[in-house]
Amino acid sequence: MPSNTPRNERIAPQAVNKTSAKVAHVNMMTDTIIANMPPDGLRKILRGLLGVDPKVTMKLNELAKNYLSETTPDSSPELFKYEPYPSVTSAFSEFQRRYRCLMGCGLGFASIDLLVEVIRQVQPVLFLEGKEITELLMDTLAVVDADIVQSVTAVQKELQTASGIREMNNQEEAIVNGLRDLLVECKHYAERTGRDFVFDRGFSRIMKLKGISGPAVMPKEPAVALKTLSPTRSGRGNIEYFQLGSLSVPRMFMGLWQFSSPAWGTASTSKINKDFRKHVDAGFTAYDMSDHYGDAEVVFGSFRSSQSDALSIFCATKYCVFEPITITKDVVEANISERLLNINASTVELLQLHWQFYDDLQYVKMAQLVKQDTRVLNVGLCNFDTQRMNEVVESGVQIVSNQVQFSLIDLRPTFKMAESCLNNNIKLLTYGSLCGGFLAEKWLNKSAPNMFAEDMTPSHRKYFEMITVWGGWGLLQQLLGVLFEIGQKYNVSVSNVATRWVLDHEYVGAVIIGGRMGISEHVDENLKVFSFKIDEEDKAKITVILEQSRAQDMFDAIGDCGAEYR
C-alpha cells in the first residue's frame, strides 16, 4: 500500500545549497533551443557542456539537488499491484528514476530512503501465498537489487571527508538500518519458504556498509591468503601470460565495471557465479575491479573464496581518490583494510591508485604508503599521465602497471607513455580497447545509432564521443571493413583483431575486456585472440586508416592518458 505520510526523502538541509540570489538571463534564442530541442538532443548537448570544465559538473549536481528538493512529492505512490497477477504499477518507473537521480547527484541516503519504500511495498507481494511471482517481476526486482548496490556506493561517497570515512549520524544510521531490517525480513522469508532471495547482492553490500561507520574489521580467518598465489595455465585455449611484478598473469583480464550500474543489465548472484566459473575454467583467471564499481569487490570476493582453486584467481582492484583528502598512514591503511574486507582476503595482488587532483602532490605520498603496506603485493596506477607516473617512479616506488584507455580509436599512449613504460618496466593494462563494443561486426555497414536508445549503455555514449573526435562514423566504417577483412583471413572476429592489435605493443601487459557476468559472455570468442598474430601486411592496412584519423589532434586537445577524467 502507498504511504500517506508526507516524505521529504530525509535530504539533510546542509546537503542542498540554498538557491543563489544571482539569476542569469537566458536570451530569447537560447530559450527557443531549450523549448524545442528533442530530449535526446538536450542530453547530448548537456554531455558536451560537462566536458568543457569540471566546475560545470559541480554546478549540475548542485542544481539537480535543488530541483529534487523542490519537487519532493507529499506522499509515495502505489508501486505494486496484485491483480491480475503481481506486477509493478505505472508509477514505478518514475519513482525509480527519482531515486536514481538522487544517488547520481550524491544524495545516497535520500535514495536509500526511497528504496526503503520500494521494499516496504513489495514485501506483501513477495510474501503472498498462493500466487506465483512472474519472471517479469523477478527481473524488475533484480534491477532494484542492483539499484540498492549503486545507492550504497553513493552513500560511501557521501561519507567521504578530507580525513577519511566519517561515521554515520543517527538519522543516516536509521535510514540504513531501515533498509537492512526490511532485507533481513525478506531473506528470512525466502529461507523459510525455499524461494529465491531476490535482494542478495543489495543485502551483502549494505551489510558491508555497516562496517565502514567505524574502523574496518578484518575477518579472523580470511578465506583466501594470497601471498602464495599461483595462477594455473589450464584452460581451453593458448592464453598468453606476462610478468606483472611478482606474479605471472594472463594477458586478458575480465573487467567488472558493469557492476557499477544496472544500465549494463543485472543478474542474480547464482548466475554471476556461474559465469565466473565458466571464465576461470577457460583460463581467464584475472579480474579487474574498483572500490566504486558497485558490489564488484564483494561479489568477486565471495565467489573466489568459495572455490577450491581460489589461489589461481587474480584480483586487481583500485584505491581511488576523487575528492580532496589529507593522506596519512591511517587513512591509507583503512582503505586497504576495506578493500581486503570486501574481497575477503588477507592480501591483494594488485592495488591500482587513481588520483584526481594533480595540483595536490599527495599522490606521491599515497603511493609510498601503499607500497609500505605488506598486504599489497604489487602497486599499480590508474589513469595517471606520463609526467605524474614518472614522478611516482622517481620517488622510489616500484610501479608495475598503469591502467589507461588504449585502442585503435585512442592512440594517446603511443605519444609519450610508451617510452616511459619501456624505460621503467611498467606494463599498461588497457581498457576501452573495443570502444564500448563499437569495434565489432554488428556495427559494420550500420548507420550511427541514437545514443539514448534503450539498448545503449554509458559505455556506448562515452566511446561514441571518442569516435566522433577521432574521425567520425564514416571513418569507423572504413576501419571496421579492414578489420573484418583481416578477421576473415584468420577466422576470427573484428573484436579479436582490434584486441590483438593492442596486445601486439610490447609495453602492453593485458587488455581488460568488460565481463557482463550473468548477462552475456564471449568466452569462446575471447579465446580466439590468442590463436593468431597480425602480420605486417595486416598492420599496413590498418595504418592506412589510422593515418586518416585525428589521433594527434586528440592528444593535443584532450591531453595525455587520463586527462579525459580531469
# chains A, B, ... in the order shown; residues from 1 in each chain; ligands from 1

call {"tool": "closest_atom_pairs", "arguments": {"of": "stretch 325-357 of chain A", "to": "stretch 398-419 of chain A", "cutoff": "12 Å", "atoms": "only C-alpha atoms", "output": "CSV"}}
result
residue,atom,partner,partner_atom,distance
A:Glu349,CA,A:Val400,CA,11.3
A:Leu350,CA,A:Val400,CA,8.8
A:Leu351,CA,A:Ser401,CA,9.8
A:Gln352,CA,A:Asn402,CA,7.7
A:Leu353,CA,A:Asn402,CA,8.8
A:His354,CA,A:Gln403,CA,9.5

call {"tool": "select_by_dssp", "arguments": {"residues": "stretch 252-393 of chain A", "states": "helix (DSSP H, G or I)", "output": "ChimeraX atom specification"}}
result
/A:257-260,262-264,269-282,296-305,310-312,329-343,362-372,386-393

call {"tool": "write_last_selection", "arguments": {"atoms": "C-alpha atoms", "output": "PDB file, in the first residue's frame"}}
result
ATOM      1  CA  TRP A 257      32.987  -2.071 -14.234  1.00  0.00           C
ATOM      2  CA  GLN A 258      29.486  -3.157 -15.331  1.00  0.00           C
ATOM      3  CA  PHE A 259      28.747  -3.830 -11.667  1.00  0.00           C
ATOM      4  CA  SER A 260      28.722  -0.035 -11.281  1.00  0.00           C
ATOM      5  CA  PRO A 262      22.224  -1.754 -13.812  1.00  0.00           C
ATOM      6  CA  ALA A 263      22.489   0.226 -17.060  1.00  0.00           C
ATOM      7  CA  TRP A 264      24.552  -2.710 -18.373  1.00  0.00           C
ATOM      8  CA  THR A 269      24.375 -13.936  -7.678  1.00  0.00           C
ATOM      9  CA  SER A 270      23.954 -17.548  -8.797  1.00  0.00           C
ATOM     10  CA  LYS A 271      24.047 -16.582 -12.488  1.00  0.00           C
ATOM     11  CA  ILE A 272      27.029 -14.298 -11.898  1.00  0.00           C
ATOM     12  CA  ASN A 273      28.944 -17.049 -10.109  1.00  0.00           C
ATOM     13  CA  LYS A 274      28.154 -19.498 -12.892  1.00  0.00           C
ATOM     14  CA  ASP A 275      29.733 -17.131 -15.422  1.00  0.00           C
ATOM     15  CA  PHE A 276      32.733 -16.506 -13.162  1.00  0.00           C
ATOM     16  CA  ARG A 277      33.266 -20.260 -13.036  1.00  0.00           C
ATOM     17  CA  LYS A 278      32.988 -20.599 -16.821  1.00  0.00           C
ATOM     18  CA  HIS A 279      35.638 -17.918 -17.307  1.00  0.00           C
ATOM     19  CA  VAL A 280      38.020 -19.464 -14.773  1.00  0.00           C
ATOM     20  CA  ASP A 281      37.625 -22.916 -16.316  1.00  0.00           C
ATOM     21  CA  ALA A 282      38.570 -21.431 -19.688  1.00  0.00           C
ATOM     22  CA  ALA A 296      32.148  -5.918  -7.729  1.00  0.00           C
ATOM     23  CA  GLU A 297      34.690  -6.489  -4.938  1.00  0.00           C
ATOM     24  CA  VAL A 298      32.122  -8.157  -2.669  1.00  0.00           C
ATOM     25  CA  VAL A 299      30.677 -10.456  -5.345  1.00  0.00           C
ATOM     26  CA  PHE A 300      34.122 -11.386  -6.644  1.00  0.00           C
ATOM     27  CA  GLY A 301      35.464 -11.977  -3.131  1.00  0.00           C
ATOM     28  CA  SER A 302      32.529 -14.192  -2.220  1.00  0.00           C
ATOM     29  CA  PHE A 303      32.937 -16.230  -5.400  1.00  0.00           C
ATOM     30  CA  ARG A 304      36.699 -16.639  -5.181  1.00  0.00           C
ATOM     31  CA  SER A 305      36.799 -17.581  -1.520  1.00  0.00           C
ATOM     32  CA  ALA A 310      40.991 -19.760  -5.240  1.00  0.00           C
ATOM     33  CA  LEU A 311      44.788 -19.430  -5.219  1.00  0.00           C
ATOM     34  CA  SER A 312      44.811 -19.386  -9.018  1.00  0.00           C
ATOM     35  CA  LYS A 329      49.156   6.338   7.158  1.00  0.00           C
ATOM     36  CA  ASP A 330      45.880   5.679   8.996  1.00  0.00           C
ATOM     37  CA  VAL A 331      43.773   6.824   6.030  1.00  0.00           C
ATOM     38  CA  VAL A 332      45.695   4.616   3.609  1.00  0.00           C
ATOM     39  CA  GLU A 333      45.649   1.595   5.893  1.00  0.00           C
ATOM     40  CA  ALA A 334      41.902   1.992   6.444  1.00  0.00           C
ATOM     41  CA  ASN A 335      41.235   1.990   2.706  1.00  0.00           C
ATOM     42  CA  ILE A 336      43.387  -1.081   2.160  1.00  0.00           C
ATOM     43  CA  SER A 337      41.581  -2.809   5.030  1.00  0.00           C
ATOM     44  CA  GLU A 338      38.259  -2.015   3.383  1.00  0.00           C
ATOM     45  CA  ARG A 339      39.455  -3.466   0.072  1.00  0.00           C
ATOM     46  CA  LEU A 340      40.562  -6.658   1.815  1.00  0.00           C
ATOM     47  CA  LEU A 341      37.330  -6.889   3.767  1.00  0.00           C
ATOM     48  CA  ASN A 342      35.350  -6.656   0.541  1.00  0.00           C
ATOM     49  CA  ILE A 343      37.387  -9.221  -1.392  1.00  0.00           C
ATOM     50  CA  GLN A 362      49.972  13.959  -2.120  1.00  0.00           C
ATOM     51  CA  TYR A 363      49.655  11.240  -4.775  1.00  0.00           C
ATOM     52  CA  VAL A 364      53.369  10.556  -4.282  1.00  0.00           C
ATOM     53  CA  LYS A 365      52.929  10.115  -0.527  1.00  0.00           C
ATOM     54  CA  MET A 366      49.899   7.933  -1.133  1.00  0.00           C
ATOM     55  CA  ALA A 367      51.885   5.627  -3.424  1.00  0.00           C
ATOM     56  CA  GLN A 368      54.741   5.430  -0.906  1.00  0.00           C
ATOM     57  CA  LEU A 369      52.419   4.494   1.957  1.00  0.00           C
ATOM     58  CA  VAL A 370      50.624   1.866  -0.131  1.00  0.00           C
ATOM     59  CA  LYS A 371      53.948   0.362  -1.155  1.00  0.00           C
ATOM     60  CA  GLN A 372      54.991   0.126   2.504  1.00  0.00           C
ATOM     61  CA  THR A 386      53.282  10.188 -18.113  1.00  0.00           C
ATOM     62  CA  GLN A 387      54.608  13.107 -16.061  1.00  0.00           C
ATOM     63  CA  ARG A 388      52.939  12.034 -12.796  1.00  0.00           C
ATOM     64  CA  MET A 389      53.710   8.378 -13.380  1.00  0.00           C
ATOM     65  CA  ASN A 390      57.369   9.301 -13.711  1.00  0.00           C
ATOM     66  CA  GLU A 391      57.195  11.384 -10.526  1.00  0.00           C
ATOM     67  CA  VAL A 392      55.912   8.395  -8.564  1.00  0.00           C
ATOM     68  CA  VAL A 393      58.629   6.158 -10.002  1.00  0.00           C
TER      69      VAL A 393
END

call {"tool": "select_by_dssp", "arguments": {"residues": "stretch 282-508 of chain A", "states": "strand (DSSP E)", "output": "ChimeraX atom specification"}}
result
/A:286-288,314-321,350-355,379-382,401-405,427-431,508

call {"tool": "atom_distance", "arguments": {"atom1": "atom CA of A:Val508", "atom2": "atom CA of A:Glu240"}}
result
12.4 Å

call {"tool": "atom_distance", "arguments": {"atom1": "atom CA of A:Thr326", "atom2": "atom CA of A:Gly164"}}
result
7.8 Å

call {"tool": "residues_around", "arguments": {"residues": "A:Gly515", "least_positions_apart": "3", "cutoff": "6 Å", "atoms": "only C-alpha atoms", "output": "NGL selection string"}}
result
:A and (254-256)

call {"tool": "write_last_selection", "arguments": {"atoms": "all heavy atoms", "output": "PDB file, in the first residue's frame"}}
result
ATOM      1  N   MET A 254      39.377  -9.816 -17.091  1.00  0.00           N
ATOM      2  CA  MET A 254      37.948  -9.562 -17.184  1.00  0.00           C
ATOM      3  C   MET A 254      37.619  -8.333 -16.335  1.00  0.00           C
ATOM      4  O   MET A 254      37.925  -8.296 -15.137  1.00  0.00           O
ATOM      5  CB  MET A 254      37.147 -10.763 -16.692  1.00  0.00           C
ATOM      6  CG  MET A 254      37.289 -12.016 -17.562  1.00  0.00           C
ATOM      7  SD  MET A 254      36.674 -11.773 -19.247  1.00  0.00           S
ATOM      8  CE  MET A 254      38.204 -11.804 -20.192  1.00  0.00           C
ATOM      9  N   GLY A 255      37.054  -7.304 -16.950  1.00  0.00           N
ATOM     10  CA  GLY A 255      36.724  -6.070 -16.243  1.00  0.00           C
ATOM     11  C   GLY A 255      35.325  -6.121 -15.659  1.00  0.00           C
ATOM     12  O   GLY A 255      34.376  -6.555 -16.324  1.00  0.00           O
ATOM     13  N   LEU A 256      35.192  -5.671 -14.427  1.00  0.00           N
ATOM     14  CA  LEU A 256      33.908  -5.756 -13.721  1.00  0.00           C
ATOM     15  C   LEU A 256      33.262  -4.389 -13.529  1.00  0.00           C
ATOM     16  O   LEU A 256      32.476  -4.198 -12.615  1.00  0.00           O
ATOM     17  CB  LEU A 256      34.113  -6.439 -12.365  1.00  0.00           C
ATOM     18  CG  LEU A 256      34.766  -7.830 -12.405  1.00  0.00           C
ATOM     19  CD1 LEU A 256      34.845  -8.420 -10.990  1.00  0.00           C
ATOM     20  CD2 LEU A 256      34.023  -8.769 -13.337  1.00  0.00           C
TER      21      LEU A 256
END

call {"tool": "residues_around", "arguments": {"residues": "A:Leu114", "least_positions_apart": "6", "cutoff": "9 Å", "atoms": "only C-alpha atoms", "output": "number ranges by chain"}}
result
A: 9, 76, 95-96, 98-99

call {"tool": "closest_residue", "arguments": {"among": "A:Leu63, A:Ala540, A:Val379, A:Met252", "to": "A:Lys528", "atoms": "only C-alpha atoms"}}
result
A:Met252

call {"tool": "closest_atom_pairs", "arguments": {"of": "stretch 105-145 of chain A", "to": "stretch 188-200 of chain A", "cutoff": "10 Å", "atoms": "only C-alpha atoms", "output": "JSON lines"}}
result
{"residue": "A:Ile119", "atom": "CA", "partner": "A:Phe199", "partner_atom": "CA", "distance": 9.6}
{"residue": "A:Gln123", "atom": "CA", "partner": "A:Tyr189", "partner_atom": "CA", "distance": 9.8}
{"residue": "A:Leu126", "atom": "CA", "partner": "A:Tyr189", "partner_atom": "CA", "distance": 8.8}
{"residue": "A:Phe127", "atom": "CA", "partner": "A:Tyr189", "partner_atom": "CA", "distance": 7.4}
{"residue": "A:Met138", "atom": "CA", "partner": "A:Val198", "partner_atom": "CA", "distance": 7.2}
{"residue": "A:Asp139", "atom": "CA", "partner": "A:Val198", "partner_atom": "CA", "distance": 9.0}
{"residue": "A:Thr140", "atom": "CA", "partner": "A:Val198", "partner_atom": "CA", "distance": 9.8}
{"residue": "A:Leu141", "atom": "CA", "partner": "A:Val198", "partner_atom": "CA", "distance": 6.6}
{"residue": "A:Ala142", "atom": "CA", "partner": "A:Val198", "partner_atom": "CA", "distance": 6.1}
{"residue": "A:Val143", "atom": "CA", "partner": "A:Phe199", "partner_atom": "CA", "distance": 9.3}
{"residue": "A:Val144", "atom": "CA", "partner": "A:Phe199", "partner_atom": "CA", "distance": 7.9}
{"residue": "A:Asp145", "atom": "CA", "partner": "A:Phe199", "partner_atom": "CA", "distance": 4.9}

call {"tool": "closest_residue", "arguments": {"among": "A:Met29, A:Ile148, A:Ile175, A:Met466", "to": "A:Ala557", "atoms": "only C-alpha atoms"}}
result
A:Met466

call {"tool": "closest_atom_pairs", "arguments": {"of": "stretch 291-352 of chain A", "to": "stretch 156-159 of chain A", "cutoff": "10 Å", "atoms": "only C-alpha atoms", "output": "CSV"}}
result
residue,atom,partner,partner_atom,distance
A:Asp291,CA,A:Gln156,CA,9.8
A:His292,CA,A:Gln156,CA,8.8
A:Phe322,CA,A:Lys157,CA,9.2
A:Glu323,CA,A:Lys157,CA,9.1

call {"tool": "write_last_selection", "arguments": {"atoms": "N, CA and C atoms", "output": "compact mmCIF listing (two decimals), in the first residue's frame"}}
result
# COMPACT_ATOMS: atom_id res chain seq x y z
N ASP A 291 37.05 0.18 -6.02
CA ASP A 291 36.30 0.49 -4.81
C ASP A 291 34.97 1.16 -5.10
N HIS A 292 34.76 1.62 -6.34
CA HIS A 292 33.49 2.29 -6.67
C HIS A 292 32.73 1.58 -7.79
N PHE A 322 38.82 10.76 -5.44
CA PHE A 322 38.12 11.70 -6.33
C PHE A 322 37.86 13.05 -5.68
N GLU A 323 37.97 13.12 -4.36
CA GLU A 323 37.69 14.35 -3.62
C GLU A 323 38.92 14.76 -2.80

call {"tool": "closest_residue", "arguments": {"among": "A:Cys101, A:Leu50, A:Ile486, A:Met456", "to": "A:Gly265", "atoms": "only C-alpha atoms"}}
result
A:Met456

call {"tool": "atom_distance", "arguments": {"atom1": "atom CA of A:Ile513", "atom2": "atom CA of A:Gly432"}}
result
8.0 Å

call {"tool": "closest_residue", "arguments": {"among": "A:Lys65, A:Asp40, A:Thr134, A:Asp113", "to": "A:Ser87", "atoms": "only C-alpha atoms"}}
result
A:Thr134

call {"tool": "residues_around", "arguments": {"residues": "A:Leu434", "least_positions_apart": "6", "cutoff": "12 Å", "atoms": "only C-alpha atoms", "output": "number ranges by chain"}}
result
A: 405-410, 440-441, 443, 459-460, 463-464, 466-467, 480, 493-502, 511-514, 526

call {"tool": "residues_around", "arguments": {"residues": "A:Glu172", "least_positions_apart": "5", "cutoff": "10 Å", "atoms": "only C-alpha atoms", "output": "list in words"}}
result
Arg10, Ala12, Gly108, Phe109, Ala110, Ile112, Asp113, Val155, Glu167, Asn177 and Gly178 of chain A

call {"tool": "closest_atom_pairs", "arguments": {"of": "stretch 376-466 of chain A", "to": "stretch 43-47 of chain A", "cutoff": "12 Å", "atoms": "only C-alpha atoms", "output": "Markdown table"}}
result
| residue | atom | partner | partner_atom | distance |
| --- | --- | --- | --- | --- |
| A:Asn450 | CA | A:Lys44 | CA | 10.2 |
| A:Met451 | CA | A:Lys44 | CA | 8.3 |
| A:Phe452 | CA | A:Arg43 | CA | 8.3 |
| A:Ala453 | CA | A:Arg43 | CA | 11.9 |
| A:Pro458 | CA | A:Arg47 | CA | 11.5 |
| A:Arg461 | CA | A:Lys44 | CA | 9.1 |
| A:Lys462 | CA | A:Arg47 | CA | 9.5 |
| A:Phe464 | CA | A:Lys44 | CA | 11.1 |
| A:Glu465 | CA | A:Arg47 | CA | 9.5 |

call {"tool": "closest_residue", "arguments": {"among": "A:Val56, A:Leu429, A:Ala316, A:Val492", "to": "A:Ile534", "atoms": "only C-alpha atoms"}}
result
A:Val492

call {"tool": "residues_around", "arguments": {"residues": "A:Gln121", "least_positions_apart": "2", "cutoff": "10 Å", "atoms": "only C-alpha atoms", "output": "PDB file with C-alpha atoms, in the first residue's frame"}}
result
ATOM      1  CA  MET A   1       0.000   0.000   0.000  1.00  0.00           C
ATOM      2  CA  PRO A   2       1.222   3.540  -0.663  1.00  0.00           C
ATOM      3  CA  SER A   3       2.389   5.715   2.172  1.00  0.00           C
ATOM      4  CA  PRO A  77       2.504   6.342  -4.961  1.00  0.00           C
ATOM      5  CA  GLU A  78       1.347   2.741  -5.095  1.00  0.00           C
ATOM      6  CA  LEU A  79       4.247   0.899  -6.740  1.00  0.00           C
ATOM      7  CA  PHE A  80       2.912  -2.666  -6.950  1.00  0.00           C
ATOM      8  CA  LYS A  81      -0.422  -4.278  -7.746  1.00  0.00           C
ATOM      9  CA  LEU A 115      14.377   2.261  -1.716  1.00  0.00           C
ATOM     10  CA  VAL A 116      13.057   1.551   1.783  1.00  0.00           C
ATOM     11  CA  GLU A 117       9.621   2.463   0.421  1.00  0.00           C
ATOM     12  CA  VAL A 118      10.084   0.131  -2.558  1.00  0.00           C
ATOM     13  CA  ILE A 119      10.976  -2.828  -0.341  1.00  0.00           C
ATOM     14  CA  GLN A 123       7.103  -7.261   0.841  1.00  0.00           C
ATOM     15  CA  PRO A 124       3.359  -8.140   0.863  1.00  0.00           C
ATOM     16  CA  VAL A 125       3.705  -9.135  -2.797  1.00  0.00           C
ATOM     17  CA  LEU A 126       6.686 -11.400  -2.095  1.00  0.00           C
TER      18      LEU A 126
END
